[in-house]
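Visitor: What follows is protein25.cif, mmCIF, C-alpha atoms.
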```
data_target
loop_
_atom_site.label_atom_id
_atom_site.label_comp_id
_atom_site.auth_asym_id
_atom_site.auth_seq_id
_atom_site.Cartn_x
_atom_site.Cartn_y
_atom_site.Cartn_z
CA MET A 1 103.98 57.45 95.96
CA LYS A 2 100.81 55.81 97.23
CA PRO A 3 100.86 54.37 100.79
CA LEU A 4 100.27 50.67 101.35
CA LYS A 5 97.06 50.12 103.28
CA ILE A 6 97.88 47.32 105.73
CA PHE A 7 95.64 45.30 108.04
CA ILE A 8 97.15 43.54 111.06
CA ASN A 9 94.70 41.29 112.85
CA PRO A 10 94.94 42.22 116.56
CA GLY A 11 92.95 39.19 117.65
CA ALA A 12 94.90 36.49 115.85
CA LYS A 13 97.37 34.28 117.67
CA SER A 14 100.65 35.73 116.42
CA ALA A 15 104.31 35.08 117.11
CA LEU A 16 104.86 38.84 117.03
CA GLU A 17 103.49 41.70 119.04
CA ILE A 18 101.83 44.47 117.03
CA THR A 19 104.81 46.83 117.48
CA GLU A 20 107.19 44.11 116.29
CA ALA A 21 105.07 43.35 113.23
CA LYS A 22 104.83 47.04 112.32
CA TYR A 23 108.60 47.42 112.69
CA ALA A 24 109.24 44.52 110.31
CA ILE A 25 106.68 45.74 107.76
CA ARG A 26 108.02 49.30 107.90
CA THR A 27 111.52 47.96 107.27
CA LEU A 28 110.27 46.17 104.15
CA GLY A 29 108.35 49.29 103.13
CA ASN A 30 111.41 51.50 103.56
CA ILE A 31 113.50 49.28 101.30
CA ALA A 32 110.74 48.91 98.71
CA GLY A 33 109.98 52.64 98.78
CA PHE A 34 106.43 52.66 100.15
CA PRO A 35 104.75 54.55 102.98
CA THR A 36 102.68 52.33 105.28
CA GLN A 37 99.28 52.89 106.86
CA PHE A 38 98.11 50.37 109.46
CA PHE A 39 94.57 49.31 110.36
CA SER A 40 93.20 46.96 113.02
CA ASN A 41 89.56 46.84 111.88
CA SER A 42 88.91 44.43 109.01
CA LYS A 43 85.80 46.43 108.03
CA GLU A 44 87.99 49.32 106.88
CA GLY A 45 89.12 47.32 103.84
CA PRO A 46 89.81 46.51 101.13
CA PHE A 47 93.52 46.45 101.98
CA ASP A 48 96.69 46.21 99.97
CA LEU A 49 98.24 43.83 102.52
CA ALA A 50 96.70 41.76 105.27
CA TYR A 51 98.75 40.09 107.97
CA SER A 52 96.46 37.58 109.62
CA SER A 53 95.78 33.89 110.18
CA ASP A 54 92.64 33.50 108.03
CA PRO A 55 92.52 34.84 104.45
CA SER A 56 88.78 34.27 104.20
CA LYS A 57 87.99 36.95 106.78
CA VAL A 58 89.66 39.96 105.21
CA ASP A 59 89.37 41.71 101.84
CA CYS A 60 92.91 42.26 100.57
CA ARG A 61 95.05 42.17 97.48
CA VAL A 62 97.95 40.34 99.13
CA PHE A 63 97.65 38.04 102.15
CA ILE A 64 100.60 37.25 104.40
CA PRO A 65 99.98 34.18 106.61
CA MET A 66 100.63 34.86 110.29
CA ALA A 67 102.72 32.24 112.11
CA ALA A 68 101.84 31.54 115.73
CA ASN A 69 105.32 30.70 116.98
CA LYS A 70 108.71 32.40 116.57
CA THR A 71 110.44 29.04 116.26
CA ILE A 72 108.69 28.12 113.00
CA TYR A 73 109.99 30.96 110.82
CA ASP A 74 110.75 30.00 107.21
CA LEU A 75 114.17 31.04 105.91
CA THR A 76 113.47 30.70 102.20
CA PRO A 77 112.82 33.02 99.28
CA THR A 78 109.12 33.47 98.63
CA LYS A 79 106.64 34.26 95.87
CA LEU A 80 103.02 35.25 95.46
CA VAL A 81 100.56 32.48 94.59
CA GLU A 82 96.93 33.47 93.97
CA GLY A 83 97.22 36.56 96.11
CA LYS A 84 98.92 34.79 99.00
CA VAL A 85 102.57 35.04 100.00
CA GLN A 86 103.87 31.53 100.62
CA ASN A 87 105.36 32.13 104.06
CA ASP A 88 105.30 34.60 106.94
CA ILE A 89 107.80 37.13 105.60
CA VAL A 90 106.94 39.54 108.41
CA LEU A 91 108.06 37.09 111.08
CA THR A 92 111.17 36.09 109.13
CA THR A 93 112.10 39.73 108.61
CA TYR A 94 111.74 40.42 112.34
CA ILE A 95 113.71 37.30 113.31
CA LEU A 96 116.59 38.27 111.02
CA ILE A 97 116.95 41.98 111.76
CA SER A 98 116.53 41.35 115.49
CA GLY A 99 119.30 38.75 115.44
CA LEU A 100 117.00 36.09 116.92
CA HIS A 101 118.19 33.55 114.33
CA GLU A 102 121.54 33.64 116.15
CA LEU A 103 120.17 32.30 119.41
CA GLY A 104 122.09 29.14 120.25
CA MET A 105 125.08 30.00 118.06
CA LYS A 106 128.37 29.31 119.78
CA ARG A 107 130.83 32.19 120.24
CA ASP A 108 134.53 32.44 121.05
CA SER A 109 136.18 34.51 123.80
CA HIS A 110 135.89 37.67 121.67
CA GLY A 111 132.19 37.12 121.06
CA HIS A 112 132.78 36.06 117.46
CA HIS A 113 130.23 33.55 116.28
CA HIS A 114 131.27 30.06 115.27
CA ILE A 115 130.01 30.39 111.71
CA GLU A 116 129.43 26.66 111.33
CA THR A 117 126.63 26.99 113.92
CA SER A 118 124.79 29.60 111.83
CA VAL A 119 121.46 28.53 110.33
CA LEU A 120 122.04 30.85 107.36
CA TYR A 121 125.47 29.38 106.72
CA ASN A 122 124.26 25.79 106.98
CA LYS A 123 121.31 26.41 104.66
CA ASN A 124 123.55 28.19 102.11
CA LEU A 125 121.56 31.39 102.64
CA LEU A 126 124.27 33.63 104.05
CA HIS A 127 124.91 35.09 100.59
CA ILE A 128 121.23 35.78 99.84
CA PRO A 129 119.68 38.99 101.24
CA LEU A 130 116.27 37.49 101.98
CA ILE A 131 114.80 40.73 103.30
CA ASN A 132 115.71 42.54 100.09
CA GLN A 133 114.04 39.74 98.16
CA TYR A 134 110.83 40.21 100.16
CA ALA A 135 110.97 43.98 99.57
CA LYS A 136 111.51 43.47 95.84
CA LEU A 137 108.42 41.25 95.68
CA LEU A 138 106.31 43.99 97.27
CA ARG A 139 107.83 46.61 94.99
CA GLU A 140 106.92 44.55 91.92
CA ILE A 141 103.38 43.78 93.11
CA PHE A 142 102.61 47.42 93.84
CA ALA A 143 104.70 49.03 91.09
CA SER A 144 101.69 51.10 89.99
CA TYR A 145 101.84 52.92 93.37
CA SER A 146 105.00 54.75 92.18
CA PRO A 147 107.42 53.74 94.94
CA LEU A 148 110.42 55.94 95.65
CA PRO A 149 113.60 55.03 93.76
CA ILE A 150 115.87 52.92 95.95
CA TRP A 151 119.08 54.70 94.96
CA PRO A 152 119.75 58.18 93.53
CA LYS A 153 120.44 59.27 89.96
CA GLY A 154 118.84 56.18 88.46
CA LYS A 155 121.42 53.82 89.98
CA THR A 156 120.26 50.27 90.66
CA TRP A 157 122.62 49.25 93.49
CA ALA A 158 125.06 50.84 95.92
CA ALA A 159 128.52 50.23 97.36
CA ALA A 160 130.82 51.74 99.94
CA ILE A 161 134.48 51.03 100.66
CA THR A 162 135.76 51.30 104.22
CA HIS A 163 139.06 50.86 106.04
CA ASP A 164 139.68 49.95 109.67
CA VAL A 165 142.80 51.69 111.00
CA ASP A 166 144.06 48.97 113.36
CA TYR A 167 147.82 48.73 113.00
CA PRO A 168 149.20 51.40 110.65
CA GLN A 169 152.49 51.90 112.53
CA MET A 170 154.66 48.82 112.20
CA ILE A 171 156.41 47.54 115.33
CA ARG A 172 159.53 46.63 113.43
CA TRP A 173 161.08 43.99 115.69
CA ILE A 174 157.78 42.12 115.87
CA GLU A 175 157.31 42.17 112.11
CA ILE A 176 160.89 41.08 111.48
CA LEU A 177 160.27 38.07 113.71
CA ARG A 178 156.97 37.40 112.00
CA TYR A 179 158.63 37.63 108.59
CA LEU A 180 161.39 35.21 109.59
CA ILE A 181 158.95 32.72 111.12
CA VAL A 182 156.66 32.74 108.08
CA GLN A 183 159.25 32.82 105.33
CA LYS A 184 161.93 30.69 107.05
CA SER A 185 164.60 29.84 104.46
CA LYS A 186 162.93 32.10 101.89
CA SER A 187 163.63 35.19 103.99
CA LYS A 188 165.54 37.97 102.26
CA LEU A 189 168.03 40.25 103.98
CA SER A 190 166.93 43.12 101.74
CA VAL A 191 163.38 42.88 103.12
CA ILE A 192 164.65 42.96 106.71
CA LYS A 193 166.78 46.03 105.88
CA ASP A 194 163.75 47.76 104.37
CA ILE A 195 161.71 47.07 107.50
CA ILE A 196 164.49 48.49 109.68
CA LYS A 197 164.77 51.60 107.47
CA GLY A 198 160.99 52.04 107.43
CA THR A 199 160.63 51.78 103.66
CA ASN A 200 158.66 48.56 104.12
CA HIS A 201 155.76 49.69 106.30
CA PHE A 202 152.03 49.60 107.04
CA TRP A 203 151.41 53.36 106.62
CA LYS A 204 149.42 52.89 103.41
CA PHE A 205 147.06 55.88 103.48
CA GLN A 206 148.63 57.52 100.42
CA ASP A 207 148.42 54.25 98.49
CA TRP A 208 144.70 53.89 99.25
CA VAL A 209 143.98 57.49 98.29
CA ASP A 210 145.88 57.20 95.02
CA LEU A 211 144.28 53.87 94.08
CA GLU A 212 140.72 54.90 94.90
CA THR A 213 140.95 58.43 93.51
CA LYS A 214 142.22 57.00 90.24
CA ASN A 215 139.02 54.91 90.08
CA GLY A 216 136.71 57.76 91.05
CA VAL A 217 135.97 56.38 94.52
CA ARG A 218 136.04 57.96 97.99
CA SER A 219 136.10 55.67 101.02
CA ALA A 220 135.89 55.93 104.82
CA PHE A 221 138.72 55.43 107.32
CA TYR A 222 137.77 54.47 110.89
CA PHE A 223 140.28 55.60 113.55
CA CYS A 224 140.41 54.40 117.15
CA GLY A 225 140.09 57.10 119.83
CA LYS A 226 141.66 55.02 122.60
CA LYS A 227 145.29 53.96 122.72
CA GLY A 228 145.95 50.37 123.73
CA ASN A 229 149.25 48.68 124.50
CA LEU A 230 151.01 45.39 124.01
CA LEU A 231 150.48 44.21 127.61
CA LYS A 232 146.69 44.67 127.42
CA TYR A 233 146.76 43.02 124.00
CA LEU A 234 148.41 39.95 125.48
CA PHE A 235 145.70 39.82 128.17
CA GLY A 236 142.86 39.82 125.66
CA ILE A 237 142.10 43.53 125.05
CA PRO A 238 143.42 43.98 121.49
CA ASP A 239 143.08 47.74 121.01
CA PRO A 240 145.33 49.56 118.51
CA PHE A 241 148.56 51.03 119.86
CA TYR A 242 148.48 54.51 118.30
CA ASP A 243 147.53 57.94 119.66
CA VAL A 244 144.99 59.51 117.32
CA CYS A 245 145.73 62.94 118.85
CA SER A 246 149.43 62.86 117.86
CA GLU A 247 150.61 65.20 115.11
CA GLU A 248 151.25 62.29 112.74
CA PHE A 249 147.63 61.18 112.95
CA LYS A 250 146.22 64.71 112.90
CA ASN A 251 148.10 65.29 109.67
CA VAL A 252 146.91 62.11 107.95
CA ILE A 253 143.33 62.62 109.11
CA ASN A 254 143.24 66.13 107.69
CA TYR A 255 144.93 64.91 104.53
CA LEU A 256 142.12 62.37 104.08
CA LYS A 257 139.46 64.98 104.81
CA GLY A 258 141.03 67.34 102.29
CA LYS A 259 140.87 64.64 99.62
CA GLY A 260 137.14 64.12 100.20
CA PHE A 261 137.44 60.88 102.19
CA GLU A 262 135.36 60.21 105.29
CA VAL A 263 136.87 59.84 108.75
CA GLY A 264 134.92 57.88 111.35
CA LEU A 265 135.36 56.17 114.70
CA HIS A 266 136.78 52.68 115.17
CA ALA A 267 135.33 52.15 118.64
CA SER A 268 137.69 50.35 121.01
CA TYR A 269 137.24 46.77 122.13
CA ASN A 270 135.17 47.49 125.26
CA SER A 271 133.66 50.84 124.29
CA PHE A 272 130.16 49.40 123.90
CA LYS A 273 130.00 48.90 127.67
CA SER A 274 130.11 52.61 128.54
CA LEU A 275 128.45 55.64 126.96
CA ASN A 276 130.96 57.98 128.60
CA ALA A 277 133.92 55.99 127.28
CA PHE A 278 132.34 55.94 123.84
CA LYS A 279 131.84 59.72 123.87
CA THR A 280 135.44 60.24 125.00
CA GLU A 281 136.71 58.24 122.03
CA ILE A 282 134.54 60.24 119.64
CA LYS A 283 135.93 63.49 121.04
CA SER A 284 139.50 62.24 120.60
CA VAL A 285 139.02 61.58 116.89
CA GLU A 286 136.96 64.76 116.44
CA SER A 287 139.76 66.83 118.00
CA SER A 288 142.10 65.61 115.25
CA LEU A 289 139.49 65.92 112.51
CA GLY A 290 138.16 69.33 113.49
CA GLU A 291 134.53 68.39 112.89
CA SER A 292 131.90 65.99 114.16
CA LEU A 293 131.94 62.31 113.25
CA LYS A 294 129.05 60.68 111.45
CA GLY A 295 129.82 56.98 111.66
CA ASN A 296 131.46 54.11 113.50
CA ARG A 297 132.58 50.52 113.27
CA HIS A 298 133.44 48.50 116.37
CA HIS A 299 136.95 47.10 116.59
CA TYR A 300 136.89 43.28 116.36
CA TRP A 301 133.15 43.62 115.58
CA HIS A 302 132.95 43.68 119.40
CA LEU A 303 129.54 44.86 120.56
CA ASN A 304 126.71 43.47 122.67
CA GLN A 305 126.12 40.32 120.63
CA ASP A 306 123.20 39.27 122.85
CA ASP A 307 121.41 42.54 122.07
CA PRO A 308 123.00 44.77 119.39
CA SER A 309 120.15 47.26 119.88
CA GLN A 310 121.63 48.06 123.31
CA THR A 311 124.85 49.08 121.58
CA SER A 312 122.83 51.04 119.03
CA GLU A 313 121.31 52.99 121.91
CA ILE A 314 124.82 54.12 122.86
CA HIS A 315 125.40 55.18 119.26
CA GLU A 316 122.27 57.31 119.15
CA LYS A 317 122.95 58.90 122.57
CA ALA A 318 126.44 59.77 121.35
CA GLY A 319 124.92 61.49 118.33
CA LEU A 320 126.17 59.20 115.57
CA LEU A 321 124.35 59.09 112.25
CA TYR A 322 125.21 55.48 111.47
CA ASP A 323 127.07 52.35 112.55
CA SER A 324 128.57 49.65 110.31
CA SER A 325 129.29 46.79 112.73
CA ILE A 326 126.76 44.12 111.73
CA CYS A 327 129.00 41.50 110.15
CA TYR A 328 130.37 38.06 110.95
CA GLU A 329 134.06 37.88 111.76
CA LYS A 330 134.60 34.53 110.04
CA ARG A 331 132.48 34.67 106.91
CA ALA A 332 131.36 37.14 104.27
CA GLY A 333 127.66 37.54 103.59
CA PHE A 334 124.53 39.14 104.98
CA ARG A 335 124.59 38.40 108.70
CA TYR A 336 121.06 39.71 109.25
CA GLY A 337 119.75 38.65 105.84
CA ILE A 338 119.69 42.27 104.68
CA ALA A 339 121.74 44.23 102.15
CA ALA A 340 120.27 47.68 102.81
CA PRO A 341 120.40 50.38 105.47
CA PHE A 342 118.06 49.56 108.34
CA ARG A 343 117.37 50.32 111.99
CA LEU A 344 117.58 48.00 114.96
CA PHE A 345 114.61 47.56 117.29
CA HIS A 346 114.89 48.14 121.04
CA LYS A 347 112.99 45.08 122.23
CA ASN A 348 112.39 46.33 125.78
CA LYS A 349 111.32 49.85 124.82
CA LYS A 350 109.50 48.70 121.68
CA GLN A 351 111.18 51.54 119.80
CA ILE A 352 113.18 51.80 116.60
CA SER A 353 116.76 53.03 116.95
CA ASN A 354 117.64 56.53 115.79
CA CYS A 355 121.03 55.31 114.58
CA LEU A 356 121.06 53.81 111.10
CA GLN A 357 122.75 50.46 110.45
CA LEU A 358 124.86 50.02 107.31
CA PRO A 359 125.59 46.27 107.36
CA THR A 360 129.03 45.16 106.15
CA ALA A 361 129.05 42.22 103.75
CA PHE A 362 132.75 41.65 103.16
CA MET A 363 136.02 41.92 105.10
CA ASP A 364 139.49 41.14 103.76
CA ASP A 365 140.10 38.47 106.44
CA HIS A 366 137.11 36.49 105.15
CA MET A 367 139.08 35.51 102.06
CA TYR A 368 142.36 34.76 103.78
CA ARG A 369 142.52 33.94 107.50
CA HIS A 370 139.01 32.46 107.43
CA LEU A 371 138.98 31.04 103.93
CA LYS A 372 138.49 27.51 105.27
CA TYR A 373 134.84 28.38 105.97
CA SER A 374 134.15 29.41 102.39
CA GLN A 375 131.61 27.41 100.41
CA PHE A 376 132.89 28.71 97.07
CA LYS A 377 135.60 27.65 94.62
CA SER A 378 137.62 30.85 95.00
CA PRO A 379 137.48 34.29 96.62
CA GLN A 380 136.62 35.81 93.24
CA VAL A 381 133.63 33.48 92.84
CA GLU A 382 132.40 34.33 96.33
CA ILE A 383 132.77 38.08 95.77
CA ASN A 384 130.97 37.85 92.44
CA THR A 385 128.15 35.92 94.12
CA LEU A 386 127.77 38.57 96.81
CA ILE A 387 127.79 41.47 94.39
CA ASN A 388 125.44 39.76 91.94
CA GLN A 389 122.93 39.22 94.76
CA VAL A 390 123.22 42.88 95.69
CA LYS A 391 122.59 43.84 92.08
CA ILE A 392 119.57 41.54 91.71
CA PHE A 393 117.90 42.96 94.81
CA SER A 394 119.06 46.60 94.48
CA GLY A 395 121.04 46.34 97.68
CA LEU A 396 124.07 47.86 99.40
CA PHE A 397 127.52 46.23 99.37
CA ILE A 398 129.99 47.44 102.00
CA VAL A 399 133.66 46.39 101.84
CA ASP A 400 136.04 46.48 104.82
CA TYR A 401 139.77 46.44 104.05
CA HIS A 402 142.38 47.13 106.72
CA VAL A 403 144.91 49.87 105.94
CA ARG A 404 148.02 47.69 106.22
CA ARG A 405 146.74 45.08 103.77
CA LEU A 406 148.33 46.84 100.79
CA ASN A 407 151.73 45.70 102.09
CA ASP A 408 152.50 42.88 99.66
CA THR A 409 155.37 41.47 101.73
CA PHE A 410 153.13 40.47 104.61
CA PHE A 411 149.85 40.19 102.70
CA PRO A 412 150.69 38.91 99.21
CA GLY A 413 147.72 39.06 96.87
CA TRP A 414 145.43 40.94 99.25
CA GLY A 415 145.78 44.20 97.35
CA LYS A 416 145.17 42.46 94.03
CA LEU A 417 141.90 41.04 95.35
CA PHE A 418 140.83 44.52 96.42
CA GLN A 419 141.52 45.81 92.92
CA PHE A 420 139.28 43.03 91.59
CA ILE A 421 136.46 44.36 93.80
CA LEU A 422 137.24 47.98 92.97
CA GLU A 423 137.06 47.35 89.24
CA ILE A 424 133.62 45.73 89.55
CA ILE A 425 132.32 48.72 91.51
CA SER A 426 133.99 51.55 89.58
CA ASN A 427 133.30 50.11 86.11
CA ASP A 428 129.58 49.58 86.68
CA SER A 429 127.57 52.62 85.61
CA GLU A 430 124.59 51.25 87.56
CA CYS A 431 126.45 51.46 90.89
CA TYR A 432 126.00 54.36 93.30
CA CYS A 433 129.33 54.39 95.14
CA ASP A 434 129.89 56.92 97.90
CA THR A 435 131.14 57.25 101.45
CA PRO A 436 129.02 55.56 104.13
CA ALA A 437 128.14 58.97 105.60
CA ALA A 438 126.81 60.17 102.24
CA ILE A 439 124.82 56.96 101.78
CA ALA A 440 123.39 57.28 105.31
CA LYS A 441 122.34 60.90 104.69
CA TYR A 442 120.67 59.92 101.43
CA TRP A 443 118.82 57.01 103.03
CA ILE A 444 117.62 59.08 105.99
CA ALA A 445 116.25 61.78 103.66
CA ARG A 446 114.50 59.00 101.72
CA GLU A 447 113.12 57.54 104.96
CA ASN A 448 111.78 60.96 105.92
CA LYS A 449 109.87 61.24 102.64
CA ILE A 450 108.34 57.82 103.25
CA ARG A 451 107.53 58.62 106.88
CA ASP A 452 105.85 61.91 105.99
CA SER A 453 103.43 59.96 103.78
CA SER A 454 102.81 57.20 106.35
CA LEU A 455 100.36 56.89 109.22
#
```
Do you think you could lay out the structure here as structure tokens?
Guide:
Amino acid sequence: MKPLKIFINPGAKSALEITEAKYAIRTLGNIAGFPTQFFSNSKEGPFDLAYSSDPSKVDCRVFIPMAANKTIYDLTPTKLVEGKVQNDIVLTTYILISGLHELGMKRDSHGHHHIETSVLYNKNLLHIPLINQYAKLLREIFASYSPLPIWPKGKTWAAAITHDVDYPQMIRWIEILRYLIVQKSKSKLSVIKDIIKGTNHFWKFQDWVDLETKNGVRSAFYFCGKKGNLLKYLFGIPDPFYDVCSEEFKNVINYLKGKGFEVGLHASYNSFKSLNAFKTEIKSVESSLGESLKGNRHHYWHLNQDDPSQTSEIHEKAGLLYDSSICYEKRAGFRYGIAAPFRLFHKNKKQISNCLQLPTAFMDDHMYRHLKYSQFKSPQVEINTLINQVKIFSGLFIVDYHVRRLNDTFFPGWGKLFQFILEIISNDSECYCDTPAAIAKYWIARENKIRDSSL
């Protein structure tokens, strides 16, 4: 594994500060599998890469043109032409993984982005992991440098299945009303009786374990450590209603742990506003699990949307290994243009976060409640497109399916669509499928090998 020798011109007029440029290049290097060594003196060449404004003034194998303004980033795939990358992939990488491409996007009262105001969505780029494409280009150019394998055991892409535990205990009178309103004259008395008896329910943990174990897969279940209530829900704080410390939840959590499944935190709606509140929720779930948590996903994808790195700072101070909350509520795809583990950048401190991000590409609601935003002929076509892109660029595909969605009375067809995804993942011998915690541990060990060879 030979390091990439990289020149960044400190005197050129650049849209990025030096620390920002290094962060973006290191992210590309981590995905591609290369250590990075940076230089500011052009006389120390020749270089493998040069990031500057004038190719004639530096001796390098690959030249990346330096843009002078953050507003002129180029959101397109790129290629190498006569030793020069066509566009400033360093700037584009920084713009995407810093979330700056979302500036100006409209959001609703929950902070969810109006997807139709997304530049990636409008340019039909939401399903293309541009950053992985840039990393693949570097990996191919410098293949003789023996980059680290991207995934273990010779696998060419990775996947993880996750479940948000939002509403596993059915409030029967509410669901009876919902059933009657939706089905109207098609309502069946037998279904209502089953709901009353509790034989028609949302407690689907056993079903998930059986289905996934049968296919050789272990997933993660994210439990909320704060109990909400119906009154707060009606006033816009939609936290789950269960008590994770109750015996019923202790039992199911330890059942999942015993079966080799991961248990993580589903941080409550406003948890990102307080480190102490966040730590309290972690302790609640840990008290039922009997061991420390490794990962988290924010309920409602609700975090500091203006600066996700601020939320990541809470994660790292709370001791989490990873977070999996970078995803759009209303559309599947690669929100930050990346299908790989990565780290957010604290813009004010000019530091890289210690908490790893595992970006989620797909949620069940994308194909049902928000299907009107889809640009594909069918959910199956969209899922195939996502997974094929992940395969092409050796990426990571994370699925989010809520626990109750295997109830076919209230969610007809949702379970069948999950099985479609599961078959693609479990039947592909090239796929490294594991829990998010296992993937995070692997990636961090890989990062450490790269870092130890970098300067």
Visitor: Name all residues at most 9 Å from Ser287 in chain A (count only C-alpha atoms; drop same-chain ones fewer than 4 positions away) and give them as a compact mmCIF listing (two decimals) with C-alpha atoms, in the frame of the given file.
Guide:
```
# COMPACT_ATOMS: atom_id res chain seq x y z
CA CYS A 245 145.73 62.94 118.85
CA LYS A 250 146.22 64.71 112.90
CA ILE A 282 134.54 60.24 119.64
CA LYS A 283 135.93 63.49 121.04
CA GLU A 291 134.53 68.39 112.89
CA SER A 292 131.90 65.99 114.16
```
Visitor: For CA of Leu138 in chain A and CA of Gly337 in chain A, determine how far apart the two atoms are, in Å to one decimal place.
Guide: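 That distance, rounded to one decimal, is 16.8 Å.
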Visitor: Set out as CSV a contact list for range 77-168 of chain A and range 441-454 of chain A with a cut-off of 10 Å, giving each residue of range 77-168 of chain A that qualifies its closest atom pair and distance in Å to one decimal, counting only C-alpha atoms, ordered by chain and rising residue number.
Guide:
```
residue,atom,partner,partner_atom,distance
A:Pro147,CA,A:Ile450,CA,9.3
A:Leu148,CA,A:Arg446,CA,7.9
A:Pro149,CA,A:Arg446,CA,8.9
A:Ile150,CA,A:Arg446,CA,8.5
A:Trp151,CA,A:Trp443,CA,8.4
A:Pro152,CA,A:Tyr442,CA,8.1
```
Visitor: Keeping only C-alpha atoms, write the selected residues to a file as a compact mmCIF listing (two decimals), keeping the file's coordinate frame.
Guide:
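Output file part_20.txt is given in full below:
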```txt
# COMPACT_ATOMS: atom_id res chain seq x y z
CA PRO A 147 107.42 53.74 94.94
CA LEU A 148 110.42 55.94 95.65
CA PRO A 149 113.60 55.03 93.76
CA ILE A 150 115.87 52.92 95.95
CA TRP A 151 119.08 54.70 94.96
CA PRO A 152 119.75 58.18 93.53
```
Visitor: Residues proximal to (124.6, 50.2, 92.2) were defined as those with any atom within 6 Å of that point in the file's coordinates, counting only C-alpha atoms. Which are they, as a VMD selection string?
Guide: chain A and resid 155 to 158 430 to 432
Visitor: Just write the chosen residues, C-alpha atoms, as an mmCIF file, keeping the file's coordinate frame.
Guide:
```
data_model
loop_
_atom_site.group_PDB
_atom_site.id
_atom_site.type_symbol
_atom_site.label_atom_id
_atom_site.label_comp_id
_atom_site.auth_asym_id
_atom_site.auth_seq_id
_atom_site.Cartn_x
_atom_site.Cartn_y
_atom_site.Cartn_z
ATOM 1 C CA LYS A 155 121.420 53.820 89.980
ATOM 2 C CA THR A 156 120.260 50.270 90.660
ATOM 3 C CA TRP A 157 122.620 49.250 93.490
ATOM 4 C CA ALA A 158 125.060 50.840 95.920
ATOM 5 C CA GLU A 430 124.590 51.250 87.560
ATOM 6 C CA CYS A 431 126.450 51.460 90.890
ATOM 7 C CA TYR A 432 126.000 54.360 93.300
#
```
Visitor: Do you know which residues are at most 10 Å from Gly395 in chain A counting all atoms listed in the file, after dropping those on the same chain fewer than 6 positions away, and could you put them as a PyMOL selection string?
Guide: chain A and resi 31+129+132-133+150-151+156-159+338-341+387-389
Visitor: Considering all atoms listed in the file, can you say which of A:Leu396, A:Ile72, A:Phe205, A:Ser14 comes closest to Ile95 in chain A?
Guide: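 So, comparing all the options, the nearest one is A:Ile72.
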Visitor: At a cut-off of 10 Å, using all atoms listed in the file, what residues contact range 114-116 of chain A? Leave out same-chain residues fewer than 3 positions from it and give the result as a CSV table (one decimal) with C-alpha atoms, in the frame of the given file.
Guide:
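Printed below is around.csv as written:
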```csv
chain,number,residue,atom,x,y,z
A,105,MET,CA,125.1,30.0,118.1
A,106,LYS,CA,128.4,29.3,119.8
A,107,ARG,CA,130.8,32.2,120.2
A,108,ASP,CA,134.5,32.4,121.0
A,111,GLY,CA,132.2,37.1,121.1
A,119,VAL,CA,121.5,28.5,110.3
A,120,LEU,CA,122.0,30.8,107.4
A,121,TYR,CA,125.5,29.4,106.7
A,122,ASN,CA,124.3,25.8,107.0
A,328,TYR,CA,130.4,38.1,111.0
A,329,GLU,CA,134.1,37.9,111.8
A,330,LYS,CA,134.6,34.5,110.0
A,331,ARG,CA,132.5,34.7,106.9
A,373,TYR,CA,134.8,28.4,106.0
```
Visitor: With distances taken over only C-alpha atoms, which residue among A:Val182, A:Ile314, A:Cys327, A:Ala440 lies nearest His112 in chain A?
Guide: A:Cys327
Visitor: So which residues fall inside 10 Å of (142.0, 55.8, 103.8) if we count only C-alpha atoms? Mind giving them as a PyMOL selection string?
Guide: chain A and resi 161-165+204-210+212+218-223+252-253+255-257+259+261-263+401-403
Visitor: Of the candidates A:Arg139, A:Lys13, A:Lys416, A:Arg297, which shows the shortest atom-to-atom distance to Asn69 in chain A, using only C-alpha atoms?
Guide: A:Lys13
Visitor: Quick one: everything within 8 Å of Lys294 in chain A, counting only C-alpha atoms, minus sequence neighbours fewer than 3 positions away in the same chain. Send it as an MDAnalysis selection string.
Guide: chainID A and resid 264 320:322 437
Visitor: Using only C-alpha atoms for the distances, tell me which of A:Lys123, A:Phe410, A:Ser52, A:Lys317 is nearest to Ile181 in chain A.
Guide: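 Among the listed residues, A:Phe410 lies closest to Ile181 in chain A.
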Visitor: Quick one: apply the PyMOL selection byres ((chain A and resi 421) around 10) to the file and drop the selected residues here as a short mmCIF file (atom, residue, chain, number, x, y, z; two decimals) with C-alpha atoms, keeping the file's coordinate frame.
Guide:
```cif
data_model
loop_
_atom_site.label_atom_id
_atom_site.label_comp_id
_atom_site.auth_asym_id
_atom_site.auth_seq_id
_atom_site.Cartn_x
_atom_site.Cartn_y
_atom_site.Cartn_z
CA ILE A 161 134.48 51.03 100.66
CA GLN A 380 136.62 35.81 93.24
CA ILE A 383 132.77 38.08 95.77
CA ASN A 384 130.97 37.85 92.44
CA ILE A 387 127.79 41.47 94.39
CA VAL A 399 133.66 46.39 101.84
CA GLY A 415 145.78 44.20 97.35
CA LYS A 416 145.17 42.46 94.03
CA LEU A 417 141.90 41.04 95.35
CA PHE A 418 140.83 44.52 96.42
CA GLN A 419 141.52 45.81 92.92
CA PHE A 420 139.28 43.03 91.59
CA LEU A 422 137.24 47.98 92.97
CA GLU A 423 137.06 47.35 89.24
CA ILE A 424 133.62 45.73 89.55
CA ILE A 425 132.32 48.72 91.51
CA SER A 426 133.99 51.55 89.58
#
```
Visitor: Determine the nearest neighbour of Leu358 in chain A from the options A:Lys391, A:Arg343, A:Lys377, A:His110, counting only C-alpha atoms.
Guide: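 Using only C-alpha atoms, the shortest distance to Leu358 in chain A belongs to A:Arg343.
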